[in-house]
Amino acid sequence: MEIRQIRYFMEVATREHVTEAANALHVAQSAVSRQIFSLENELGVDLFIREGRRVRLTPIGKIFLDRISHGMNVMDDAKREVSEYLDPEKGTIRIAFPISLAAYTLPTAISSFRMQYPEAKFQLKQALYDDLIGGVAKGDFNMALIGPVPPDTKRIQRKILFTENVVALLPIHHPLADRSTIRLRELKDEPFVLLPEGFVFRDIVIKACTDLGFHPNIAFEGDDIDALKGLVSAGLGVTLMPEVTLVDSLSRSTVKIPLVEPNVTRTVGVITSKERVLLPTEQLFYEFLQDFFSRLSHFKA
């Protein structure tokens, strides 16, 4: 197998269209088709099912894509490591993150990092909680910012960066909106707006409620944090949110109120693989994250 064949195969597999893949690769469609045909002949299997102008992976094609993607990541990392060894301040950091850390936490850290290392580059990937853990374990990315921080496993190591409070978010005209604190039990009869199933923060909210003996009345679901803020702002329900998601973005139509009884928190941190070392630039950012949030915590204290 040749590297060119593999790259052509991966582009076609991603786009499911030979012409679109050829355009992205800036080569003739016939060249892509020849390389795919040669690769299939060499392997002795069909990697694609042809459906007119479109294609889709066969079952064995999906397995081959999964395996070869990891192999290409290793090769790309090897080239990057050589380059970054010579000049780590100009390398690339591949990091994944959940939506709850997308608006403030990660951008703030990256902005501060680039003040010190302005030529560093980032490849960012948003993913669900389990996909963050699985992606680091498989090598799809080398580190992930995550909350809550999962336990160590045989393949994943963790570093807690800070612990944050979870607060209640209410419409400004809600009867409890003028309270300085609020007990979660006081919201048991309220309509809740939550993230859909599959989001770990939804599980945190539901567990906090069920630990008090009630299940939240889920009236609406929103695909991201901004959608939940909009639903609360419109007076359609209440919700719980990590406090960091409300920094610099609290609507005038809503109020955030600290929770008591119970005090709900979540840890936020970074996970990396135990089976791979971070590349030089990623190691710089990993160490920076620990120092940055440590200084931030001391400042808040």
# chains A, B, ... in the order shown; residues from 1 in each chain; ligands from 1
>>> residues_around(residues="Glu40 (chain A)", least_positions_apart="6", cutoff="12 Å", atoms="only C-alpha atoms", output="PyMOL selection string")
chain A and resi 1+5-6+9+33-34+46-49+58+60-61+64
>>> write_last_selection(atoms="all heavy atoms", output="tab-separated table (two decimals), in the first residue's frame")
chain	number	residue	atom	x	y	z
A	1	MET	N	0.85	-1.20	0.00
A	1	MET	CA	0.00	0.00	0.00
A	1	MET	C	0.88	1.25	0.00
A	1	MET	O	1.93	1.27	0.64
A	1	MET	CB	-0.90	0.02	1.25
A	1	MET	CG	-2.00	-1.01	1.22
A	1	MET	SD	-3.09	-0.86	2.67
A	1	MET	CE	-1.98	-1.42	3.96
A	5	GLN	N	-2.41	6.19	-1.84
A	5	GLN	CA	-3.63	5.38	-1.91
A	5	GLN	C	-4.47	5.54	-0.64
A	5	GLN	O	-5.69	5.70	-0.71
A	5	GLN	CB	-3.26	3.90	-2.09
A	5	GLN	CG	-2.73	3.53	-3.45
A	5	GLN	CD	-2.35	2.06	-3.51
A	5	GLN	OE1	-1.89	1.49	-2.52
A	5	GLN	NE2	-2.53	1.45	-4.67
A	6	ILE	N	-3.79	5.51	0.48
A	6	ILE	CA	-4.49	5.61	1.77
A	6	ILE	C	-5.17	6.97	1.90
A	6	ILE	O	-6.33	7.06	2.33
A	6	ILE	CB	-3.52	5.38	2.94
A	6	ILE	CG1	-2.88	3.99	2.84
A	6	ILE	CG2	-4.24	5.54	4.27
A	6	ILE	CD1	-3.86	2.85	2.79
A	9	PHE	N	-8.17	7.07	-0.34
A	9	PHE	CA	-9.22	6.23	0.23
A	9	PHE	C	-9.94	6.95	1.37
A	9	PHE	O	-11.18	6.97	1.43
A	9	PHE	CB	-8.63	4.91	0.73
A	9	PHE	CG	-9.51	4.19	1.72
A	9	PHE	CD1	-10.64	3.51	1.29
A	9	PHE	CD2	-9.21	4.21	3.08
A	9	PHE	CE1	-11.47	2.87	2.21
A	9	PHE	CE2	-10.03	3.57	3.99
A	9	PHE	CZ	-11.15	2.89	3.56
A	33	SER	N	-9.99	7.28	-8.73
A	33	SER	CA	-10.62	5.99	-9.02
A	33	SER	C	-9.57	4.90	-9.23
A	33	SER	O	-9.73	3.77	-8.75
A	33	SER	CB	-11.51	6.10	-10.26
A	33	SER	OG	-12.57	7.01	-10.04
A	34	ARG	N	-8.48	5.23	-9.94
A	34	ARG	CA	-7.42	4.24	-10.18
A	34	ARG	C	-6.76	3.81	-8.87
A	34	ARG	O	-6.50	2.62	-8.67
A	34	ARG	CB	-6.36	4.81	-11.13
A	34	ARG	CG	-6.74	4.79	-12.60
A	34	ARG	CD	-5.51	4.95	-13.49
A	34	ARG	NE	-4.75	6.16	-13.17
A	34	ARG	CZ	-5.00	7.36	-13.69
A	34	ARG	NH1	-6.00	7.50	-14.55
A	34	ARG	NH2	-4.25	8.41	-13.37
A	46	ASP	N	-13.68	-5.56	-1.69
A	46	ASP	CA	-14.31	-4.30	-2.09
A	46	ASP	C	-14.44	-3.42	-0.85
A	46	ASP	O	-15.01	-3.83	0.16
A	46	ASP	CB	-15.71	-4.56	-2.66
A	46	ASP	CG	-15.66	-5.21	-4.04
A	46	ASP	OD1	-14.68	-4.97	-4.76
A	46	ASP	OD2	-16.60	-5.95	-4.38
A	47	LEU	N	-13.89	-2.23	-0.93
A	47	LEU	CA	-13.96	-1.30	0.18
A	47	LEU	C	-15.19	-0.40	0.11
A	47	LEU	O	-15.65	0.14	1.11
A	47	LEU	CB	-12.71	-0.41	0.22
A	47	LEU	CG	-11.39	-1.16	0.46
A	47	LEU	CD1	-10.21	-0.21	0.27
A	47	LEU	CD2	-11.36	-1.79	1.84
A	48	PHE	N	-15.74	-0.26	-1.11
A	48	PHE	CA	-16.88	0.63	-1.32
A	48	PHE	C	-18.01	-0.08	-2.07
A	48	PHE	O	-17.77	-0.98	-2.88
A	48	PHE	CB	-16.47	1.86	-2.13
A	48	PHE	CG	-15.54	2.79	-1.41
A	48	PHE	CD1	-14.18	2.78	-1.70
A	48	PHE	CD2	-16.02	3.67	-0.46
A	48	PHE	CE1	-13.32	3.65	-1.05
A	48	PHE	CE2	-15.15	4.54	0.20
A	48	PHE	CZ	-13.80	4.53	-0.10
A	49	ILE	N	-19.23	0.35	-1.78
A	49	ILE	CA	-20.40	-0.02	-2.57
A	49	ILE	C	-20.70	1.18	-3.45
A	49	ILE	O	-20.87	2.30	-2.97
A	49	ILE	CB	-21.61	-0.33	-1.67
A	49	ILE	CG1	-21.29	-1.52	-0.75
A	49	ILE	CG2	-22.85	-0.60	-2.51
A	49	ILE	CD1	-22.34	-1.76	0.31
A	58	THR	N	-18.18	-0.53	2.53
A	58	THR	CA	-18.65	-1.86	2.87
A	58	THR	C	-18.32	-2.11	4.35
A	58	THR	O	-17.54	-1.36	4.96
A	58	THR	CB	-17.94	-2.92	2.02
A	58	THR	OG1	-16.52	-2.85	2.27
A	58	THR	CG2	-18.20	-2.69	0.53
A	60	ILE	N	-16.34	-4.30	5.66
A	60	ILE	CA	-14.89	-4.45	5.82
A	60	ILE	C	-14.19	-3.12	5.54
A	60	ILE	O	-13.13	-2.81	6.10
A	60	ILE	CB	-14.33	-5.57	4.91
A	60	ILE	CG1	-12.87	-5.90	5.28
A	60	ILE	CG2	-14.43	-5.19	3.44
A	60	ILE	CD1	-12.70	-6.42	6.67
A	61	GLY	N	-14.81	-2.30	4.68
A	61	GLY	CA	-14.26	-0.98	4.41
A	61	GLY	C	-14.28	-0.10	5.65
A	61	GLY	O	-13.34	0.67	5.90
A	64	PHE	N	-11.49	-1.24	7.87
A	64	PHE	CA	-10.20	-0.81	7.32
A	64	PHE	C	-9.99	0.69	7.58
A	64	PHE	O	-8.89	1.11	7.96
A	64	PHE	CB	-10.17	-1.09	5.81
A	64	PHE	CG	-8.87	-0.72	5.15
A	64	PHE	CD1	-7.71	-1.45	5.39
A	64	PHE	CD2	-8.80	0.36	4.29
A	64	PHE	CE1	-6.51	-1.10	4.78
A	64	PHE	CE2	-7.61	0.72	3.69
A	64	PHE	CZ	-6.46	-0.02	3.93
>>> select_by_dssp(residues="region 40-216 of chain A", states="strand (DSSP E or B)", output="PDB file with N, CA and C atoms, in the first residue's frame")
ATOM      1  N   PHE A  48     -15.739  -0.260  -1.114  1.00  0.00           N
ATOM      2  CA  PHE A  48     -16.883   0.626  -1.322  1.00  0.00           C
ATOM      3  C   PHE A  48     -18.006  -0.085  -2.066  1.00  0.00           C
ATOM      4  N   ILE A  49     -19.226   0.347  -1.776  1.00  0.00           N
ATOM      5  CA  ILE A  49     -20.399  -0.019  -2.567  1.00  0.00           C
ATOM      6  C   ILE A  49     -20.702   1.178  -3.452  1.00  0.00           C
ATOM      7  N   ARG A  50     -20.731   0.944  -4.774  1.00  0.00           N
ATOM      8  CA  ARG A  50     -20.970   2.038  -5.716  1.00  0.00           C
ATOM      9  C   ARG A  50     -22.471   2.223  -5.917  1.00  0.00           C
ATOM     10  N   GLU A  51     -22.928   3.456  -5.736  1.00  0.00           N
ATOM     11  CA  GLU A  51     -24.342   3.788  -5.925  1.00  0.00           C
ATOM     12  C   GLU A  51     -24.435   5.010  -6.820  1.00  0.00           C
ATOM     13  N   ARG A  54     -22.334   8.290  -6.080  1.00  0.00           N
ATOM     14  CA  ARG A  54     -21.960   8.226  -4.678  1.00  0.00           C
ATOM     15  C   ARG A  54     -21.426   6.843  -4.325  1.00  0.00           C
ATOM     16  N   VAL A  55     -20.697   6.787  -3.237  1.00  0.00           N
ATOM     17  CA  VAL A  55     -20.178   5.516  -2.744  1.00  0.00           C
ATOM     18  C   VAL A  55     -20.375   5.471  -1.233  1.00  0.00           C
ATOM     19  N   ARG A  56     -20.387   4.283  -0.681  1.00  0.00           N
ATOM     20  CA  ARG A  56     -20.376   4.129   0.779  1.00  0.00           C
ATOM     21  C   ARG A  56     -19.546   2.907   1.137  1.00  0.00           C
ATOM     22  N   LEU A  57     -19.022   2.923   2.312  1.00  0.00           N
ATOM     23  CA  LEU A  57     -18.112   1.864   2.737  1.00  0.00           C
ATOM     24  C   LEU A  57     -18.843   0.546   2.935  1.00  0.00           C
ATOM     25  N   THR A  92       1.464  22.173  16.545  1.00  0.00           N
ATOM     26  CA  THR A  92       0.010  22.082  16.507  1.00  0.00           C
ATOM     27  C   THR A  92      -0.499  21.259  17.687  1.00  0.00           C
ATOM     28  N   ILE A  93      -1.567  21.730  18.295  1.00  0.00           N
ATOM     29  CA  ILE A  93      -2.192  21.060  19.438  1.00  0.00           C
ATOM     30  C   ILE A  93      -3.546  20.532  19.002  1.00  0.00           C
ATOM     31  N   ARG A  94      -3.730  19.236  19.107  1.00  0.00           N
ATOM     32  CA  ARG A  94      -5.033  18.631  18.808  1.00  0.00           C
ATOM     33  C   ARG A  94      -5.742  18.381  20.134  1.00  0.00           C
ATOM     34  N   ILE A  95      -6.860  19.038  20.322  1.00  0.00           N
ATOM     35  CA  ILE A  95      -7.587  18.896  21.587  1.00  0.00           C
ATOM     36  C   ILE A  95      -9.084  18.851  21.323  1.00  0.00           C
ATOM     37  N   ALA A  96      -9.772  18.001  22.061  1.00  0.00           N
ATOM     38  CA  ALA A  96     -11.223  17.891  21.948  1.00  0.00           C
ATOM     39  C   ALA A  96     -11.864  18.460  23.210  1.00  0.00           C
ATOM     40  N   PHE A  97     -13.172  18.739  23.134  1.00  0.00           N
ATOM     41  CA  PHE A  97     -13.840  19.413  24.242  1.00  0.00           C
ATOM     42  C   PHE A  97     -15.346  19.206  24.132  1.00  0.00           C
ATOM     43  N   LYS A 121      -0.504  26.479  16.791  1.00  0.00           N
ATOM     44  CA  LYS A 121      -1.755  26.252  16.065  1.00  0.00           C
ATOM     45  C   LYS A 121      -2.594  25.220  16.810  1.00  0.00           C
ATOM     46  N   PHE A 122      -3.906  25.256  16.570  1.00  0.00           N
ATOM     47  CA  PHE A 122      -4.823  24.349  17.254  1.00  0.00           C
ATOM     48  C   PHE A 122      -5.733  23.647  16.250  1.00  0.00           C
ATOM     49  N   GLN A 123      -5.975  22.364  16.497  1.00  0.00           N
ATOM     50  CA  GLN A 123      -7.015  21.611  15.796  1.00  0.00           C
ATOM     51  C   GLN A 123      -8.036  21.217  16.860  1.00  0.00           C
ATOM     52  N   LEU A 124      -9.232  21.794  16.776  1.00  0.00           N
ATOM     53  CA  LEU A 124     -10.237  21.623  17.820  1.00  0.00           C
ATOM     54  C   LEU A 124     -11.347  20.688  17.347  1.00  0.00           C
ATOM     55  N   LYS A 125     -11.813  19.846  18.262  1.00  0.00           N
ATOM     56  CA  LYS A 125     -12.875  18.890  17.943  1.00  0.00           C
ATOM     57  C   LYS A 125     -13.882  18.861  19.076  1.00  0.00           C
ATOM     58  N   GLN A 126     -15.131  19.182  18.789  1.00  0.00           N
ATOM     59  CA  GLN A 126     -16.189  19.101  19.797  1.00  0.00           C
ATOM     60  C   GLN A 126     -16.794  17.701  19.784  1.00  0.00           C
ATOM     61  N   MET A 143      -5.402  14.818  23.532  1.00  0.00           N
ATOM     62  CA  MET A 143      -5.895  15.275  24.838  1.00  0.00           C
ATOM     63  C   MET A 143      -7.292  15.826  24.678  1.00  0.00           C
ATOM     64  N   ALA A 144      -8.001  15.878  25.794  1.00  0.00           N
ATOM     65  CA  ALA A 144      -9.353  16.436  25.771  1.00  0.00           C
ATOM     66  C   ALA A 144      -9.603  17.175  27.059  1.00  0.00           C
ATOM     67  N   LEU A 145     -10.209  18.347  26.942  1.00  0.00           N
ATOM     68  CA  LEU A 145     -10.736  19.057  28.103  1.00  0.00           C
ATOM     69  C   LEU A 145     -12.089  18.424  28.400  1.00  0.00           C
ATOM     70  N   ILE A 146     -12.402  18.191  29.670  1.00  0.00           N
ATOM     71  CA  ILE A 146     -13.597  17.411  29.979  1.00  0.00           C
ATOM     72  C   ILE A 146     -14.157  17.774  31.346  1.00  0.00           C
ATOM     73  N   ILE A 156      -6.339   5.720  30.087  1.00  0.00           N
ATOM     74  CA  ILE A 156      -6.554   7.158  30.219  1.00  0.00           C
ATOM     75  C   ILE A 156      -6.032   7.658  31.567  1.00  0.00           C
ATOM     76  N   GLN A 157      -5.304   8.764  31.529  1.00  0.00           N
ATOM     77  CA  GLN A 157      -4.925   9.433  32.770  1.00  0.00           C
ATOM     78  C   GLN A 157      -5.560  10.816  32.805  1.00  0.00           C
ATOM     79  N   ARG A 158      -5.818  11.299  34.008  1.00  0.00           N
ATOM     80  CA  ARG A 158      -6.568  12.535  34.152  1.00  0.00           C
ATOM     81  C   ARG A 158      -5.818  13.531  35.022  1.00  0.00           C
ATOM     82  N   LYS A 159      -6.155  14.793  34.847  1.00  0.00           N
ATOM     83  CA  LYS A 159      -5.640  15.866  35.688  1.00  0.00           C
ATOM     84  C   LYS A 159      -6.776  16.847  35.937  1.00  0.00           C
ATOM     85  N   ILE A 160      -7.207  16.973  37.185  1.00  0.00           N
ATOM     86  CA  ILE A 160      -8.267  17.922  37.526  1.00  0.00           C
ATOM     87  C   ILE A 160      -7.682  19.327  37.536  1.00  0.00           C
ATOM     88  N   LEU A 161      -8.322  20.234  36.817  1.00  0.00           N
ATOM     89  CA  LEU A 161      -7.855  21.615  36.730  1.00  0.00           C
ATOM     90  C   LEU A 161      -8.575  22.526  37.732  1.00  0.00           C
ATOM     91  N   PHE A 162      -9.876  22.316  37.901  1.00  0.00           N
ATOM     92  CA  PHE A 162     -10.630  23.094  38.890  1.00  0.00           C
ATOM     93  C   PHE A 162     -11.976  22.425  39.134  1.00  0.00           C
ATOM     94  N   THR A 163     -12.617  22.836  40.208  1.00  0.00           N
ATOM     95  CA  THR A 163     -13.977  22.383  40.528  1.00  0.00           C
ATOM     96  C   THR A 163     -14.885  23.603  40.494  1.00  0.00           C
ATOM     97  N   GLU A 164     -16.004  23.472  39.801  1.00  0.00           N
ATOM     98  CA  GLU A 164     -16.899  24.616  39.665  1.00  0.00           C
ATOM     99  C   GLU A 164     -18.275  24.304  40.227  1.00  0.00           C
ATOM    100  N   ASN A 165     -18.970  25.359  40.599  1.00  0.00           N
ATOM    101  CA  ASN A 165     -20.332  25.224  41.112  1.00  0.00           C
ATOM    102  C   ASN A 165     -21.333  25.105  39.971  1.00  0.00           C
ATOM    103  N   VAL A 166     -22.386  24.372  40.241  1.00  0.00           N
ATOM    104  CA  VAL A 166     -23.536  24.321  39.344  1.00  0.00           C
ATOM    105  C   VAL A 166     -24.597  25.237  39.945  1.00  0.00           C
ATOM    106  N   VAL A 167     -25.174  26.109  39.119  1.00  0.00           N
ATOM    107  CA  VAL A 167     -26.141  27.097  39.612  1.00  0.00           C
ATOM    108  C   VAL A 167     -27.490  26.905  38.940  1.00  0.00           C
ATOM    109  N   ALA A 168     -28.499  27.476  39.546  1.00  0.00           N
ATOM    110  CA  ALA A 168     -29.837  27.475  38.937  1.00  0.00           C
ATOM    111  C   ALA A 168     -29.965  28.682  38.022  1.00  0.00           C
ATOM    112  N   LEU A 169     -30.616  28.482  36.886  1.00  0.00           N
ATOM    113  CA  LEU A 169     -30.898  29.577  35.952  1.00  0.00           C
ATOM    114  C   LEU A 169     -32.410  29.699  35.829  1.00  0.00           C
ATOM    115  N   LEU A 170     -32.944  30.869  36.175  1.00  0.00           N
ATOM    116  CA  LEU A 170     -34.383  31.105  36.198  1.00  0.00           C
ATOM    117  C   LEU A 170     -34.745  32.316  35.341  1.00  0.00           C
ATOM    118  N   PRO A 171     -35.970  32.341  34.794  1.00  0.00           N
ATOM    119  CA  PRO A 171     -36.439  33.567  34.131  1.00  0.00           C
ATOM    120  C   PRO A 171     -36.480  34.701  35.145  1.00  0.00           C
ATOM    121  N   ILE A 182     -30.911  29.216  46.495  1.00  0.00           N
ATOM    122  CA  ILE A 182     -32.121  28.435  46.267  1.00  0.00           C
ATOM    123  C   ILE A 182     -31.839  26.969  46.568  1.00  0.00           C
ATOM    124  N   ARG A 183     -32.813  26.320  47.208  1.00  0.00           N
ATOM    125  CA  ARG A 183     -32.709  24.881  47.450  1.00  0.00           C
ATOM    126  C   ARG A 183     -33.272  24.146  46.234  1.00  0.00           C
ATOM    127  N   PRO A 191     -41.122  23.303  35.432  1.00  0.00           N
ATOM    128  CA  PRO A 191     -40.701  22.693  34.157  1.00  0.00           C
ATOM    129  C   PRO A 191     -39.201  22.929  33.953  1.00  0.00           C
ATOM    130  N   PHE A 192     -38.482  21.859  33.629  1.00  0.00           N
ATOM    131  CA  PHE A 192     -37.043  21.962  33.399  1.00  0.00           C
ATOM    132  C   PHE A 192     -36.751  21.958  31.892  1.00  0.00           C
ATOM    133  N   VAL A 193     -35.702  22.670  31.517  1.00  0.00           N
ATOM    134  CA  VAL A 193     -35.166  22.557  30.157  1.00  0.00           C
ATOM    135  C   VAL A 193     -33.770  21.957  30.296  1.00  0.00           C
ATOM    136  N   LEU A 194     -33.518  20.875  29.567  1.00  0.00           N
ATOM    137  CA  LEU A 194     -32.261  20.132  29.718  1.00  0.00           C
ATOM    138  C   LEU A 194     -31.670  19.783  28.358  1.00  0.00           C
TER     139      LEU A 194
END
>>> atom_distance(atom1="CA of Arg15 (chain A)", atom2="CA of Ala120 (chain A)")
29.0 Å
>>> closest_residue(among="A:Thr254, A:Thr153, A:Gln29, A:Ser100", to="Arg266 (chain A)", atoms="only C-alpha atoms")
A:Ser100
>>> atom_distance(atom1="CA of Leu250 (chain A)", atom2="CA of Leu187 (chain A)")
20.2 Å
>>> closest_residue(among="A:Pro262, A:Val32, A:Pro280, A:Glu221", to="Glu197 (chain A)", atoms="only C-alpha atoms")
A:Glu221
>>> residues_around(residues="Asp130 (chain A)", least_positions_apart="2", cutoff="12 Å", atoms="only C-alpha atoms", output="CSV table (one decimal) with all heavy atoms, in the first residue's frame")
chain,number,residue,atom,x,y,z
A,96,ALA,N,-9.8,18.0,22.1
A,96,ALA,CA,-11.2,17.9,21.9
A,96,ALA,C,-11.9,18.5,23.2
A,96,ALA,O,-11.2,18.6,24.2
A,96,ALA,CB,-11.6,16.4,21.7
A,97,PHE,N,-13.2,18.7,23.1
A,97,PHE,CA,-13.8,19.4,24.2
A,97,PHE,C,-15.3,19.2,24.1
A,97,PHE,O,-15.9,18.9,23.0
A,97,PHE,CB,-13.5,20.9,24.2
A,97,PHE,CG,-13.9,21.6,22.9
A,97,PHE,CD1,-15.2,22.2,22.8
A,97,PHE,CD2,-13.1,21.5,21.8
A,97,PHE,CE1,-15.5,22.8,21.6
A,97,PHE,CE2,-13.5,22.1,20.6
A,97,PHE,CZ,-14.7,22.7,20.5
A,98,PRO,N,-16.1,19.3,25.2
A,98,PRO,CA,-17.5,19.3,25.2
A,98,PRO,C,-18.1,20.7,25.0
A,98,PRO,O,-17.5,21.7,25.2
A,98,PRO,CB,-17.9,18.7,26.6
A,98,PRO,CG,-16.8,19.3,27.5
A,98,PRO,CD,-15.6,19.4,26.6
A,126,GLN,N,-15.1,19.2,18.8
A,126,GLN,CA,-16.2,19.1,19.8
A,126,GLN,C,-16.8,17.7,19.8
A,126,GLN,O,-17.0,17.1,18.7
A,126,GLN,CB,-17.3,20.1,19.5
A,126,GLN,CG,-18.4,20.2,20.6
A,126,GLN,CD,-19.3,21.4,20.3
A,126,GLN,OE1,-18.9,22.5,20.4
A,126,GLN,NE2,-20.6,21.1,20.0
A,127,ALA,N,-17.0,17.1,21.0
A,127,ALA,CA,-17.6,15.8,21.0
A,127,ALA,C,-18.3,15.6,22.3
A,127,ALA,O,-18.2,16.3,23.3
A,127,ALA,CB,-16.4,14.8,20.9
A,128,LEU,N,-19.1,14.5,22.3
A,128,LEU,CA,-19.9,14.1,23.5
A,128,LEU,C,-18.9,13.5,24.5
A,128,LEU,O,-17.8,13.1,24.2
A,128,LEU,CB,-21.0,13.1,23.2
A,128,LEU,CG,-22.1,13.7,22.3
A,128,LEU,CD1,-23.1,12.6,21.9
A,128,LEU,CD2,-22.8,14.8,23.0
A,132,LEU,N,-15.2,11.8,23.9
A,132,LEU,CA,-14.0,12.4,24.3
A,132,LEU,C,-13.0,11.3,24.9
A,132,LEU,O,-11.9,11.3,24.6
A,132,LEU,CB,-14.3,13.5,25.3
A,132,LEU,CG,-15.0,14.7,24.8
A,132,LEU,CD1,-15.4,15.6,26.0
A,132,LEU,CD2,-14.2,15.5,23.8
A,133,ILE,N,-13.6,10.5,25.8
A,133,ILE,CA,-12.8,9.5,26.4
A,133,ILE,C,-12.3,8.5,25.4
A,133,ILE,O,-11.1,8.1,25.4
A,133,ILE,CB,-13.6,8.8,27.6
A,133,ILE,CG1,-14.0,9.9,28.6
A,133,ILE,CG2,-12.8,7.7,28.2
A,133,ILE,CD1,-14.9,9.4,29.7
A,134,GLY,N,-13.2,8.0,24.6
A,134,GLY,CA,-12.9,7.0,23.6
A,134,GLY,C,-11.9,7.5,22.5
A,134,GLY,O,-11.0,6.8,22.1
A,135,GLY,N,-12.1,8.8,22.2
A,135,GLY,CA,-11.2,9.4,21.2
A,135,GLY,C,-9.8,9.5,21.7
A,135,GLY,O,-8.8,9.3,20.9
A,136,VAL,N,-9.6,9.9,23.0
A,136,VAL,CA,-8.2,9.9,23.5
A,136,VAL,C,-7.6,8.5,23.6
A,136,VAL,O,-6.5,8.3,23.3
A,136,VAL,CB,-8.2,10.6,24.9
A,136,VAL,CG1,-6.9,10.4,25.6
A,136,VAL,CG2,-8.6,12.1,24.8
A,137,ALA,N,-8.5,7.6,24.0
A,137,ALA,CA,-8.0,6.2,24.2
A,137,ALA,C,-7.5,5.6,22.8
A,137,ALA,O,-6.5,4.9,22.7
A,137,ALA,CB,-9.1,5.3,24.8
A,144,ALA,N,-8.0,15.9,25.8
A,144,ALA,CA,-9.4,16.4,25.8
A,144,ALA,C,-9.6,17.2,27.1
A,144,ALA,O,-9.2,16.7,28.1
A,144,ALA,CB,-10.4,15.3,25.6
A,146,ILE,N,-12.4,18.2,29.7
A,146,ILE,CA,-13.6,17.4,30.0
A,146,ILE,C,-14.2,17.8,31.3
A,146,ILE,O,-13.4,18.2,32.2
A,146,ILE,CB,-13.3,15.9,29.9
A,146,ILE,CG1,-14.5,15.0,29.9
A,146,ILE,CG2,-12.4,15.5,31.1
A,146,ILE,CD1,-14.2,13.6,29.5
A,147,GLY,N,-15.5,17.7,31.5
A,147,GLY,CA,-16.1,17.9,32.8
A,147,GLY,C,-17.4,17.1,32.8
A,147,GLY,O,-18.2,17.1,31.9
A,148,PRO,N,-17.6,16.3,33.9
A,148,PRO,CA,-16.7,16.0,35.0
A,148,PRO,C,-15.6,15.1,34.6
A,148,PRO,O,-15.6,14.4,33.6
A,148,PRO,CB,-17.6,15.3,36.0
A,148,PRO,CG,-18.6,14.6,35.1
A,148,PRO,CD,-18.9,15.5,34.0
A,149,VAL,N,-14.5,15.2,35.4
A,149,VAL,CA,-13.3,14.4,35.0
A,149,VAL,C,-13.6,12.9,35.4
A,149,VAL,O,-14.0,12.6,36.5
A,149,VAL,CB,-12.1,14.9,35.8
A,149,VAL,CG1,-10.9,14.1,35.5
A,149,VAL,CG2,-11.9,16.4,35.5
A,150,PRO,N,-13.3,12.0,34.4
A,150,PRO,CA,-13.6,10.6,34.7
A,150,PRO,C,-12.4,10.0,35.5
A,150,PRO,O,-11.4,10.6,35.6
A,150,PRO,CB,-13.6,10.0,33.3
A,150,PRO,CG,-12.7,10.9,32.5
A,150,PRO,CD,-12.9,12.3,33.0
A,198,GLY,N,-27.6,11.5,26.4
A,198,GLY,CA,-26.3,11.4,25.8
A,198,GLY,C,-25.3,12.4,26.3
A,198,GLY,O,-24.1,12.2,26.1
A,199,PHE,N,-25.9,13.5,26.8
A,199,PHE,CA,-25.0,14.6,27.4
A,199,PHE,C,-24.9,14.3,28.9
A,199,PHE,O,-25.8,14.1,29.6
A,199,PHE,CB,-25.6,15.9,27.2
A,199,PHE,CG,-25.5,16.4,25.8
A,199,PHE,CD1,-26.5,16.1,24.8
A,199,PHE,CD2,-24.5,17.3,25.4
A,199,PHE,CE1,-26.4,16.5,23.5
A,199,PHE,CE2,-24.4,17.8,24.1
A,199,PHE,CZ,-25.4,17.4,23.2
A,200,VAL,N,-23.6,14.2,29.3
A,200,VAL,CA,-23.4,13.8,30.7
A,200,VAL,C,-23.9,14.8,31.7
A,200,VAL,O,-24.3,14.5,32.8
A,200,VAL,CB,-21.9,13.5,30.9
A,200,VAL,CG1,-21.1,14.8,30.9
A,200,VAL,CG2,-21.6,12.8,32.3
A,201,PHE,N,-23.9,16.1,31.3
A,201,PHE,CA,-24.4,17.1,32.3
A,201,PHE,C,-25.9,16.9,32.5
A,201,PHE,O,-26.4,17.2,33.6
A,201,PHE,CB,-24.2,18.5,31.8
A,201,PHE,CG,-24.4,19.6,32.9
A,201,PHE,CD1,-23.6,19.7,33.9
A,201,PHE,CD2,-25.6,20.3,32.9
A,201,PHE,CE1,-23.8,20.6,35.0
A,201,PHE,CE2,-25.8,21.2,33.9
A,201,PHE,CZ,-25.0,21.4,34.9
>>> select_by_dssp(residues="region 33-138 of chain A", states="alpha helix (DSSP H)", output="PyMOL selection string")
chain A and resi 33-43+59-86+105-116+129-138
>>> closest_residue(among="A:Gln116, A:His17, A:Asp224, A:Phe285", to="Leu101 (chain A)", atoms="only C-alpha atoms")
A:Asp224
